[in-house]
Every structure is written in structure tokens, then in C-alpha cells.
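J.: Contents are compact mmCIF, C-alpha atoms; file name input-v6.txt:
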```
# COMPACT_ATOMS: atom_id res chain seq x y z
CA MET A 653 132.51 97.18 64.13
CA SER A 654 132.03 93.70 65.54
CA ALA A 655 129.34 92.85 68.08
CA THR A 656 131.97 91.73 70.55
CA LYS A 657 133.54 95.20 70.67
CA LEU A 658 130.32 97.07 71.42
CA PRO A 659 129.93 95.88 75.03
CA LEU A 660 133.59 96.70 75.74
CA ARG A 661 133.27 100.23 74.35
CA TYR A 662 130.00 100.73 76.23
CA GLN A 663 131.63 99.57 79.46
CA THR A 664 134.58 101.93 78.91
CA THR A 665 132.28 104.91 78.26
CA ARG A 666 130.15 104.02 81.27
CA ALA A 667 133.25 103.83 83.47
CA ILE A 668 134.39 107.30 82.33
CA PHE A 669 131.04 108.91 83.12
CA ASP A 670 130.85 107.10 86.45
CA ARG A 671 134.05 108.83 87.50
CA LEU A 672 132.71 112.28 86.56
CA SER A 673 130.56 114.04 89.12
CA ILE A 674 128.13 116.81 88.14
CA ALA A 675 130.44 119.49 89.51
CA ARG A 676 133.39 118.15 87.54
CA ILE A 677 131.37 118.08 84.33
CA ILE A 678 130.32 121.73 84.87
CA TRP A 679 133.87 122.85 85.50
CA LEU A 680 134.99 121.01 82.38
CA ALA A 681 132.28 122.86 80.45
CA ILE A 682 133.53 126.21 81.85
CA LEU A 683 137.08 125.41 80.79
CA LEU A 684 135.86 124.38 77.35
CA VAL A 685 133.91 127.64 76.88
CA ALA A 686 136.91 129.66 78.06
CA ALA A 687 139.14 127.78 75.63
CA LEU A 688 136.72 128.49 72.78
CA ILE A 689 136.65 132.23 73.63
CA ILE A 690 140.43 132.39 73.73
CA ALA A 691 140.67 130.47 70.46
CA LYS A 692 138.13 132.82 68.88
CA GLY A 693 140.17 135.80 70.00
CA TRP A 694 143.36 134.38 68.53
CA LEU A 695 141.79 133.31 65.26
CA THR A 696 139.85 136.58 64.65
CA PRO A 697 142.10 139.30 63.17
CA SER A 698 140.45 142.06 65.14
CA GLY A 699 140.08 139.96 68.28
CA LEU A 700 136.92 139.85 70.34
CA GLU A 701 134.95 143.11 70.26
CA ILE A 702 132.67 142.50 73.22
CA PHE A 703 134.95 144.39 75.59
CA ASP A 704 135.59 147.36 73.29
CA GLU A 705 132.79 149.43 74.82
CA PRO A 706 132.82 150.06 78.64
CA GLY A 707 129.07 149.54 78.98
CA SER A 708 129.18 146.29 77.09
CA ALA A 709 132.11 145.09 79.18
CA ALA A 710 130.29 145.91 82.43
CA ASP A 711 127.23 144.03 81.25
CA TRP A 712 129.34 141.03 80.37
CA VAL A 713 131.16 141.10 83.72
CA ALA A 714 127.85 141.31 85.61
CA ALA A 715 126.37 138.51 83.54
CA ILE A 716 129.41 136.29 84.09
CA GLY A 717 129.37 137.05 87.84
CA THR A 718 125.70 136.17 88.11
CA TRP A 719 126.30 132.99 86.18
CA VAL A 720 129.22 132.01 88.41
CA VAL A 721 127.15 132.62 91.56
CA GLY A 722 124.32 130.53 90.13
CA LEU A 723 126.77 127.83 89.19
CA ALA A 724 128.25 127.80 92.69
CA ALA A 725 124.78 127.53 94.22
CA PHE A 726 123.95 124.70 91.86
CA VAL A 727 127.16 122.85 92.73
CA LEU A 728 126.51 123.27 96.46
CA ALA A 729 122.94 122.07 96.10
CA SER A 730 124.12 119.12 94.05
CA GLY A 731 126.70 118.26 96.72
CA ASP A 732 124.08 118.48 99.48
CA ARG A 733 121.75 116.21 97.54
CA ARG A 734 124.49 113.65 96.96
CA LEU A 735 125.38 113.78 100.65
CA ARG A 736 121.76 113.17 101.65
CA LEU A 737 121.53 110.25 99.24
CA HIS A 738 124.76 108.85 100.65
CA GLU A 739 123.41 109.08 104.20
CA ARG A 740 120.19 107.35 103.16
CA ARG A 741 122.16 104.54 101.59
CA GLU A 742 124.22 104.22 104.78
CA GLN A 743 120.97 103.84 106.75
CA LYS A 744 119.80 101.24 104.25
CA MET A 745 123.09 99.41 104.74
CA LEU A 746 122.52 99.29 108.50
CA ARG A 747 119.01 97.89 107.98
CA MET A 748 120.34 95.27 105.57
CA LYS A 749 123.04 94.19 108.03
CA LEU A 750 120.44 93.85 110.77
CA GLU A 751 118.17 91.81 108.49
CA ILE A 752 121.05 89.55 107.46
CA SER A 753 121.95 89.02 111.12
CA GLN A 754 118.37 88.00 111.90
CA LEU A 755 118.23 85.73 108.85
CA ARG A 756 121.37 83.99 110.03
CA ALA A 757 119.77 83.50 113.44
CA ALA A 758 116.73 81.91 111.76
CA ILE A 759 119.02 79.69 109.69
CA ALA A 760 120.93 78.63 112.80
CA ALA A 761 117.68 77.82 114.63
CA THR A 762 116.49 75.68 111.71
CA ILE A 763 119.76 73.79 111.47
CA SER A 764 119.77 73.23 115.23
CA ALA A 765 116.24 71.79 115.15
CA ARG A 766 117.12 69.42 112.30
CA ASN A 767 120.31 68.30 114.02
CA ARG A 768 118.43 67.47 117.23
CA LEU A 769 115.84 65.50 115.29
CA ASP A 770 118.50 63.48 113.52
CA ARG A 771 119.11 60.95 116.33
CA PRO A 772 115.44 59.93 116.83
CA LEU A 773 115.05 59.82 113.04
CA GLN A 774 117.96 57.41 112.74
CA TYR A 775 116.63 55.33 115.64
CA PHE A 776 113.16 54.99 114.10
CA LYS A 777 114.71 54.21 110.73
CA ALA A 778 116.71 51.35 112.28
CA LEU A 779 113.57 50.00 113.95
CA GLU A 780 111.57 50.04 110.73
CA GLU A 781 114.28 48.56 108.53
CA HIS A 782 114.83 45.43 110.65
CA GLY A 783 111.93 43.04 111.08
CA ALA A 784 112.68 41.90 114.64
CA ALA A 785 113.86 45.29 115.88
CA PHE A 786 110.56 46.20 117.54
CA GLU A 787 110.58 42.86 119.43
CA ASN A 788 114.16 43.32 120.62
CA ALA A 789 113.94 47.04 121.50
CA ALA A 790 112.71 48.17 124.89
CA LEU A 791 109.89 50.68 125.10
CA TYR A 792 112.22 52.73 127.28
CA ASP A 793 114.51 53.41 124.30
CA VAL A 794 111.49 54.67 122.39
CA SER A 795 110.60 56.99 125.28
CA VAL A 796 114.12 58.44 125.12
CA ALA A 797 113.62 59.20 121.43
CA PHE A 798 110.22 60.73 122.21
CA ASN A 799 111.80 63.02 124.81
CA GLU A 800 114.41 64.16 122.29
CA ILE A 801 111.64 65.07 119.88
CA ILE A 802 109.73 66.93 122.60
CA ASP A 803 112.85 69.00 123.28
CA VAL A 804 112.50 70.31 119.72
CA VAL A 805 108.75 70.58 119.19
CA GLY A 806 107.84 71.51 122.75
CA GLN A 807 109.09 75.08 122.27
CA PRO A 808 109.02 77.59 119.40
CA ILE A 809 111.53 76.75 116.68
CA TRP A 810 111.73 80.37 115.51
CA SER A 811 111.16 83.71 117.16
CA ALA A 812 108.83 86.34 115.75
CA GLU A 813 111.87 88.27 114.55
CA ASP A 814 113.14 85.19 112.70
CA ARG A 815 109.89 84.83 110.81
CA ALA A 816 109.72 88.57 110.03
CA THR A 817 112.86 88.27 107.90
CA ALA A 818 111.50 85.43 105.76
CA THR A 819 109.75 85.90 102.44
CA ASP A 820 106.03 85.18 102.23
CA SER A 821 106.58 81.78 100.65
CA THR A 822 109.19 80.76 103.22
CA ASP A 823 107.03 82.04 106.07
CA LEU A 824 104.20 79.83 104.78
CA VAL A 825 106.52 76.81 104.96
CA MET A 826 107.56 77.82 108.47
CA SER A 827 103.90 78.03 109.47
CA ILE A 828 103.35 74.49 108.16
CA ALA A 829 106.39 73.27 110.10
CA ILE A 830 105.07 74.88 113.28
CA ARG A 831 101.68 73.22 112.83
CA ILE A 832 103.31 69.81 112.30
CA ALA A 833 105.51 70.36 115.37
CA ASN A 834 102.52 71.29 117.52
CA ASP A 835 100.54 68.26 116.34
CA LEU A 836 103.57 66.05 116.99
CA ALA A 837 104.00 67.43 120.51
CA GLY A 838 100.34 66.73 121.27
CA ARG A 839 100.53 63.22 119.81
CA ILE A 840 103.61 62.30 121.85
CA ALA A 841 102.05 63.73 125.02
CA TYR A 842 98.96 61.57 124.45
CA ILE A 843 101.07 58.46 123.79
CA ASN A 844 103.18 59.06 126.91
CA ASP A 845 100.05 59.38 129.04
CA ASN A 846 98.29 56.29 127.68
CA PHE A 847 100.77 53.84 126.16
CA MET A 848 104.17 54.23 127.81
CA GLN A 849 103.67 52.85 131.33
CA HIS A 850 106.52 50.64 132.67
CA PRO A 851 108.71 51.20 129.59
CA ARG A 852 111.69 49.23 130.91
CA GLU A 853 109.63 46.07 131.22
CA ARG A 854 107.91 46.15 127.82
CA ALA A 855 108.99 45.68 124.22
CA ALA A 856 108.59 48.40 121.63
CA SER A 857 106.49 46.02 119.54
CA GLU A 858 103.56 46.60 121.92
CA ASN A 859 103.27 50.16 120.61
CA GLU A 860 104.59 49.58 117.09
CA GLY A 861 101.64 51.31 115.43
CA VAL A 862 101.91 54.63 117.30
CA ILE A 863 105.71 54.53 117.05
CA ARG A 864 105.49 54.27 113.26
CA THR A 865 103.03 57.16 113.23
CA VAL A 866 105.42 59.34 115.23
CA SER A 867 108.30 58.28 112.96
CA ARG A 868 106.30 59.34 109.89
CA ASP A 869 105.44 62.73 111.41
CA VAL A 870 109.07 63.38 112.38
CA ARG A 871 110.19 62.66 108.80
CA ILE A 872 107.57 65.06 107.47
CA LEU A 873 108.67 67.72 109.96
CA ASP A 874 112.33 67.27 109.04
CA GLY A 875 111.53 67.64 105.34
CA THR A 876 109.47 70.77 105.97
CA LEU A 877 112.29 72.25 108.04
CA GLY A 878 114.62 71.52 105.13
CA ASP A 879 112.33 73.44 102.77
CA ALA A 880 112.24 76.37 105.18
CA LEU A 881 116.02 76.27 105.46
CA ASN A 882 116.42 76.41 101.68
CA GLY A 883 114.16 79.45 101.51
CA LEU A 884 116.00 81.24 104.30
CA VAL A 885 119.39 80.53 102.74
CA ALA A 886 118.23 81.79 99.33
CA THR A 887 116.92 85.01 100.88
CA ASN A 888 120.16 85.46 102.84
CA GLU A 889 122.29 84.99 99.72
CA ALA A 890 120.23 87.50 97.72
CA LEU A 891 120.37 90.04 100.53
CA ALA A 892 124.12 89.54 100.97
CA TRP A 893 124.60 90.19 97.26
CA ASP A 894 122.61 93.43 97.51
CA ARG A 895 124.64 94.40 100.58
CA ASP A 896 127.95 93.88 98.78
CA ARG A 897 126.76 95.92 95.79
CA LEU A 898 125.57 98.73 98.06
CA ALA A 899 128.86 98.65 99.98
CA ALA A 900 130.80 99.14 96.73
CA GLN A 901 128.54 102.07 95.81
CA LEU A 902 129.04 103.65 99.23
CA ARG A 903 132.82 103.36 98.94
CA LYS A 904 132.73 105.02 95.55
CA GLU A 905 130.47 107.83 96.77
CA PHE A 906 132.65 108.40 99.82
CA GLU A 907 135.74 108.80 97.65
CA GLU A 908 133.92 111.35 95.49
CA LEU A 909 132.60 113.28 98.50
CA ILE A 910 136.05 113.70 100.03
```
Can you turn what I pasted into C-alpha cells?

T.:
Amino acid sequence: MSATKLPLRYQTTRAIFDRLSIARIIWLAILLVAALIIAKGWLTPSGLEIFDEPGSAADWVAAIGTWVVGLAAFVLASGDRRLRLHERREQKMLRMKLEISQLRAAIAATISARNRLDRPLQYFKALEEHGAAFENAALYDVSVAFNEIIDVVGQPIWSAEDRATATDSTDLVMSIAIRIANDLAGRIAYINDNFMQHPRERAASENEGVIRTVSRDVRILDGTLGDALNGLVATNEALAWDRDRLAAQLRKEFEELI
């Protein structure tokens, strides 16, 4: 027997037993025993002698009746247990769907924050890549970019429910992103109060140093948000795979229960 045939035979045997419930196996065993008794009676010249004496026959009938009642009770108990397990798995499915929904909300919030940071990021990148850009840009344009950043970091990026669905490692990254966002909001507020007076009349080069600092912090925040997004997506994919596997199991159990 080749090694390549073993997995196929194992899978075939596993599939057969998966289709057989406990009750069906017991009934198959009853039919097998009955077939053996009948075969014994046909093959023995004198037939079966257990029913020759009335007392013996009554004992056998009582024993068989007791056994059938016990078997019926066992089958019912087995069915009840399977039903309870099925109901528990249905509850687990509901919890998984809720968790996936919340994970998707956290993913959407992360993507939204990164998208809103993209314009100021591109603006700062253009300033830093061209030597005379700070001289030619008005401080007012910088203040517009600052306001766009404040729209993101001035409020929570994620809700408590969003963070509850994340793994420990992803939640740690989210905590770092929140700290960076809070520091960035405080830095921009300080700059606006002390360095941004009369922005339409001044060049961005007057505040080049603090602008570069904000640009650096925004890049760090965007990268941290990207790491958090990767963690959330990985968790969502793993949970969705578990959900699909559980859904297939529930469908199979439902077909067996009916």
C-alpha cells in the first residue's frame, strides 16, 4: 500500500463515520445481532433452543424488553445532548458574528483615520522634497494641514468596543497610536497658540522647524495605524475562518437532527 493512498482511505473512513450518528450505529448493531441469531437458527440443525422452555422464553423476552427500554432512553439522552451542543454552538456563532462586526468597525475606523491623514502627509512631503517650497508656501496652507490633522487626533480613533475585539498585541499597538495622536494634538495646539499668528501674511519657512517635527510625528502615527490595521485584519480573517467552519458544522448537525 502506497503512502499516497493512506490519506485517501483515512478520509473515506472518516467521512463514513461522520455520517453515522450514535443512534444509527446502535440500530445497525441491533440489526446485526438479529441477523446473527437468525443465521444461527438456520445453520443449527435443531434450531435455537432458548425458547424451548416457557420460563426461559419469558426471561429472554423480559431481558430483551429491558434492554430495548434502556436503549431507547440512551438514544433519547444522546439526542438531547446533541441538541444542547447544537444550541451552544449556535450561541457561539452569534457571538462570533458580533465580534466580526465590531472588528470590521475597528478596521473601518483605522482606514478612515489613515485616509484623512493622507492629504497633510502628501503636503508635508512636497514641502520637504523641494528646497524652496517652505519659502514659497504660505503659513496659512500649513494651518489648513494642521486642522486636518486635528480632525483626526482631536477625538478618539477607536471606541472601547473596537479595542475589546483586538488581540493583546494589536491592542498594544493601538495604545501606542493613541499616545502618539494625543502628543500630536497637544503639539499642534501649542504651535497654533504661539507660532501661527497672521498666517496669510507669513511664509511657512518661518516655522520650518516645528512643521518638520509635526510632519515626522504624522508619519510615525500613520505607520503605527498601519500596524494596527494589519493586526485587526489578521484577527478578522482568522475569526471569519472559524465562523465558516462552525457554520458548516451547524448545517451538518441540523441535517442530522431533523

J.: Tell me which protein, DNA and RNA residues are within 8 Å of region 891-902 of chain A, counting all atoms listed in the file, leaving out same-chain ones fewer than 6 positions away, and put them as a list in words.

T.: His738, Arg741, Glu742, Met745, Met748, Lys749 and Ile752 of chain A

J.: Can you work out the spacing between CA of Ala758 (chain A) and CA of Val825 (chain A) in Å, to one decimal?

T.: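 Separating CA of Ala758 (chain A) from CA of Val825 (chain A) is a distance of 13.3 Å.
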
J.: Work out how far apart CA of Asp823 (chain A) and CA of Val866 (chain A) are and give it in Å to one decimal.

T.: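 CA of Asp823 (chain A) sits 24.5 Å away from CA of Val866 (chain A).
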
J.: Counting all atoms listed in the file, which of A:Leu746, A:Thr876, A:Phe786, A:Arg756 gets nearest to Gly861 (chain A)?

T.: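 When distances to Gly861 (chain A) are compared using all atoms listed in the file, the smallest one comes from A:Phe786.
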
J.: List as a PyMOL selection string the protein and nucleic acid residues near Val794 (chain A), meaning an atom at most 9 Å away when all atoms listed in the file are counted, but skip any in the same chain fewer than 6 places from it.

T.: chain A and resi 772+775-776+851+856+863

J.: My list of candidates is A:Thr762, A:Thr822, A:Gln849, A:Asn844. Which is closest to Ile809 (chain A) when distances are computed with all atoms listed in the file?

T.: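 Once distances to Ile809 (chain A) are computed over all atoms listed in the file, the minimum belongs to A:Thr762.
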
J.: For each of A:Val885, A:Leu877, A:Val862, A:Ile872, take the minimum atom-to-atom distance to Asn767 (chain A), counting all atoms listed in the file, then give the residue where this is smallest.

T.: A:Leu877

J.: List every protein, DNA or RNA residue with an atom no more than 9 Å from (104.8, 66.4, 118.0) in the file's coordinates, counting only C-alpha atoms, and format the result as a ChimeraX atom specification.

T.: /A:798,801-802,804-806,832-841,866,869-870

J.: How many Å separate CA of Arg768 (chain A) from CA of Ala818 (chain A)?

T.: 22.4 Å
